[in-house]
Amino acid sequence: MNTVLIIGAGGVGHVVANKCAQLPDIFQNIHLASRTKSKCDAVAEDVRSRTGVSITTHSVDADDVPATVALIREIKPQLLINVALPYQDLTLMEACLETGVNYLDTANYEPRDVAKFEYSWQWAYQEQFRKAGLFALLGSGFDPGVTNVFTAWALKHHFDEIHTLDIIDVNGGNHGKAFATNFNPEINIREVTAPCRHWEDGAFRETAPMSMHQSFTCPQEVGTYEIYRMYHEEMESLVKHIPTIRQAQFWMSFSPNYLKHLEVLQNVGMTRIDPVMYNGVEIIPLQFLKAVLPDPGDLGKTTRGKTCIGNVITGIKDGQFKAVYIYNICDHEQCFKEVGSQAISYTTGVPAMIGAEMILTGKWTGAGVFNMEQNDPDPFMDELNRRGLPWHCVELTEEQAKTLKVNQQ
Ligand code: NDP
């Protein structure tokens, strides 16, 4: 009898709870805990109305290791699914080690006071998880997550060596608000305002945020969008585990409206993460901004359009140049119809559920801390097709791959 404990009842937690409940043979007992219990109760009610499955809810502060350990001891799960915030990764890994429970998350650890995300902190737990015989799966969302699995699958089936990797994340959705972020605003804004880093000939090279951009036409009439090169965490693990990669870049689409608002917010100091005194109280401007922005969990009702996220990969097969584009297209309105969330939460929550399924069914096994690409991609790719995120793979010419013109046949 499998028991899972989901931590975090935001946009992603809502999808994970619903998708787990759709597979009662694998997820027999579902518990959901977060800082605010009323949010867990609202998710539980939504899950019950859609699937008839009851999930048990709890309140917990995941920054508090003893409190989390006490909750885990009460529930006795096989797996903890961390869809709270990146700040909680280390405390939740500690709690899992103390209680002998497997661990999964969707974003790498980031300290609150520095906008710096890297895997070093979590990779440092490798020996402890290995010795305890526990499996820790890092970054089981879409990007990181599915993009890592796409790369591993391409290496297994299409290449002898991968040389270049371009991950392109387009959100062609429109939520109808003046300004909103698609997932947690604090995490999102910290990510997009950080300096850009990309991998080139053995090292990460830094350039100014948003300084490199180009137009990208998605397949299947999703549209043409301006994509901006930025740093994204999966590049760190992918260039480590696939050392033949000479160049890795990550691109994300932003609308002119989003960039205009972001520039003003930055210029007036609202994206600062250092404390500021206001009326005798210390506040962090970015956290205050999060409080006044729309809740990404509420955007599903109004969001129309599609996301298109995929990898352009080049390399060598049997001594010849080869290039492929592997991608998924996801419709915001269909996601809302199925689970009551927009596609950004959906494309993160579905892979989190599939990662959990891989661990609970023993398709992915091992002891230690693992990134997605270190596991067999095939069963995960099959499940993407069955659980709501079907993918396509097309071959590209060298010119198409170099210019990211994936749509011209
Ligand atoms: P939300 O802000 O919507 O939800 C976060 C949830 O975590 C809230 O329920 C919040 O509770 C809870 N939480 C925060 N701090 C604590 C704490 N100390 N103890 C217990 N619960 C806590 O975020 P999202 O759902 O949008 O994102 C969830 C995660 O998914 C993030 O880590 C994000 O970076 C990641 N993500 C990954 C993607 C990928 O493709 N890999 C893409 C998008 C997101 P409360 O409401 O009370 O504050």
# chains A, B, ... in the order shown; residues from 1 in each chain; ligands from 1

call {"tool": "residues_near_ligand", "arguments": {"ligand": "ligand 1", "cutoff": "6 Å", "atoms": "only C-alpha atoms and all ligand atoms", "output": "count of residues only"}}
result
30

call {"tool": "select_by_dssp", "arguments": {"residues": "region 169-245 of chain A", "states": "strand (DSSP E)", "output": "VMD selection string"}}
result
chain A and resid 169 to 171 196 to 200 203 to 207 213 to 217 224 to 230

call {"tool": "atom_distance", "arguments": {"atom1": "CA of Ser38 (chain A)", "atom2": "CA of Val281 (chain A)"}}
result
26.9 Å

call {"tool": "residues_around", "arguments": {"residues": "Leu259 (chain A)", "least_positions_apart": "6", "cutoff": "12 Å", "atoms": "only C-alpha atoms", "output": "list of chain:residue names"}}
result
A:Ala178, A:Phe179, A:Ala180, A:Thr181, A:Ile189, A:Val192, A:Thr193, A:Pro209, A:Met210, A:Glu226, A:Ile227, A:Tyr228, A:Ser253, A:Leu265, A:Gln266

call {"tool": "closest_residue", "arguments": {"among": "A:Leu32, A:Ala132, A:Val369, A:Leu137", "to": "Gly355 (chain A)", "atoms": "only C-alpha atoms"}}
result
A:Leu137

call {"tool": "select_by_dssp", "arguments": {"residues": "region 171-376 of chain A", "states": "alpha helix (DSSP H)", "output": "JSON, numbers by chain"}}
result
{"A": [185, 186, 187, 188, 189, 190, 191, 192, 193, 234, 235, 236, 237, 238, 239, 240, 241, 256, 257, 258, 259, 260, 261, 262, 263, 264, 265, 266, 267, 285, 286, 287, 288, 289, 290, 291, 292, 332, 333, 334, 335, 336, 337, 338, 339, 343, 344, 345, 346, 347, 348, 349, 350, 351, 352, 353, 354, 355, 356, 357, 358, 359, 360]}

call {"tool": "closest_residue", "arguments": {"among": "A:Glu233, A:Glu186, A:Glu399, A:Glu127", "to": "Ala323 (chain A)", "atoms": "only C-alpha atoms"}}
result
A:Glu399

call {"tool": "atom_distance", "arguments": {"atom1": "CA of Pro296 (chain A)", "atom2": "CA of Cys335 (chain A)"}}
result
14.1 Å

call {"tool": "closest_residue", "arguments": {"among": "A:Tyr327, A:Tyr231, A:Phe254, A:Tyr125", "to": "Leu384 (chain A)", "atoms": "only C-alpha atoms"}}
result
A:Tyr327

call {"tool": "closest_residue", "arguments": {"among": "A:Asp166, A:Asp41, A:Asp25, A:Glu236", "to": "Thr56 (chain A)", "atoms": "only C-alpha atoms"}}
result
A:Asp41

call {"tool": "closest_residue", "arguments": {"among": "A:Ala115, A:Val53, A:Ile284, A:Ile242", "to": "Ala194 (chain A)", "atoms": "only C-alpha atoms"}}
result
A:Ala115

call {"tool": "atom_distance", "arguments": {"atom1": "CA of Gln334 (chain A)", "atom2": "CA of Thr151 (chain A)"}}
result
26.6 Å

call {"tool": "closest_residue", "arguments": {"among": "A:Asp376, A:Glu398, A:Glu383, A:Glu221", "to": "Lys156 (chain A)", "atoms": "only C-alpha atoms"}}
result
A:Asp376

call {"tool": "residues_around", "arguments": {"residues": "Leu80 (chain A)", "least_positions_apart": "3", "cutoff": "8 Å", "atoms": "only C-alpha atoms", "output": "VMD selection string"}}
result
chain A and resid 4 to 7 77 96 101 to 104

call {"tool": "write_last_selection", "arguments": {"atoms": "N, CA, C and O atoms", "output": "mmCIF file, in the first residue's frame"}}
result
data_model
loop_
_atom_site.group_PDB
_atom_site.id
_atom_site.type_symbol
_atom_site.label_atom_id
_atom_site.label_comp_id
_atom_site.auth_asym_id
_atom_site.auth_seq_id
_atom_site.Cartn_x
_atom_site.Cartn_y
_atom_site.Cartn_z
ATOM 1 N N VAL A 4 1.801 8.607 -0.104
ATOM 2 C CA VAL A 4 2.661 9.741 -0.470
ATOM 3 C C VAL A 4 2.268 10.968 0.339
ATOM 4 O O VAL A 4 1.093 11.166 0.662
ATOM 5 N N LEU A 5 3.277 11.775 0.641
ATOM 6 C CA LEU A 5 3.039 13.048 1.313
ATOM 7 C C LEU A 5 3.474 14.157 0.360
ATOM 8 O O LEU A 5 4.654 14.263 0.005
ATOM 9 N N ILE A 6 2.491 14.953 -0.084
ATOM 10 C CA ILE A 6 2.785 16.101 -0.956
ATOM 11 C C ILE A 6 2.940 17.318 -0.049
ATOM 12 O O ILE A 6 2.067 17.576 0.787
ATOM 13 N N ILE A 7 4.028 18.063 -0.202
ATOM 14 C CA ILE A 7 4.195 19.297 0.583
ATOM 15 C C ILE A 7 4.070 20.475 -0.374
ATOM 16 O O ILE A 7 4.834 20.572 -1.352
ATOM 17 N N PRO A 77 4.897 7.824 5.001
ATOM 18 C CA PRO A 77 4.834 7.687 3.529
ATOM 19 C C PRO A 77 6.064 6.942 2.989
ATOM 20 O O PRO A 77 7.087 6.852 3.666
ATOM 21 N N CYS A 96 13.595 13.798 5.357
ATOM 22 C CA CYS A 96 13.485 12.477 4.710
ATOM 23 C C CYS A 96 14.596 11.552 5.199
ATOM 24 O O CYS A 96 14.361 10.371 5.465
ATOM 25 N N VAL A 101 12.708 8.183 4.266
ATOM 26 C CA VAL A 101 11.675 8.330 3.229
ATOM 27 C C VAL A 101 12.321 8.845 1.935
ATOM 28 O O VAL A 101 13.227 9.684 1.974
ATOM 29 N N ASN A 102 11.857 8.330 0.781
ATOM 30 C CA ASN A 102 12.356 8.810 -0.508
ATOM 31 C C ASN A 102 11.875 10.243 -0.757
ATOM 32 O O ASN A 102 10.835 10.653 -0.219
ATOM 33 N N TYR A 103 12.594 10.975 -1.639
ATOM 34 C CA TYR A 103 12.350 12.416 -1.813
ATOM 35 C C TYR A 103 12.278 12.772 -3.295
ATOM 36 O O TYR A 103 12.999 12.218 -4.111
ATOM 37 N N LEU A 104 11.406 13.727 -3.634
ATOM 38 C CA LEU A 104 11.305 14.237 -5.019
ATOM 39 C C LEU A 104 11.012 15.728 -4.973
ATOM 40 O O LEU A 104 10.215 16.177 -4.143
#
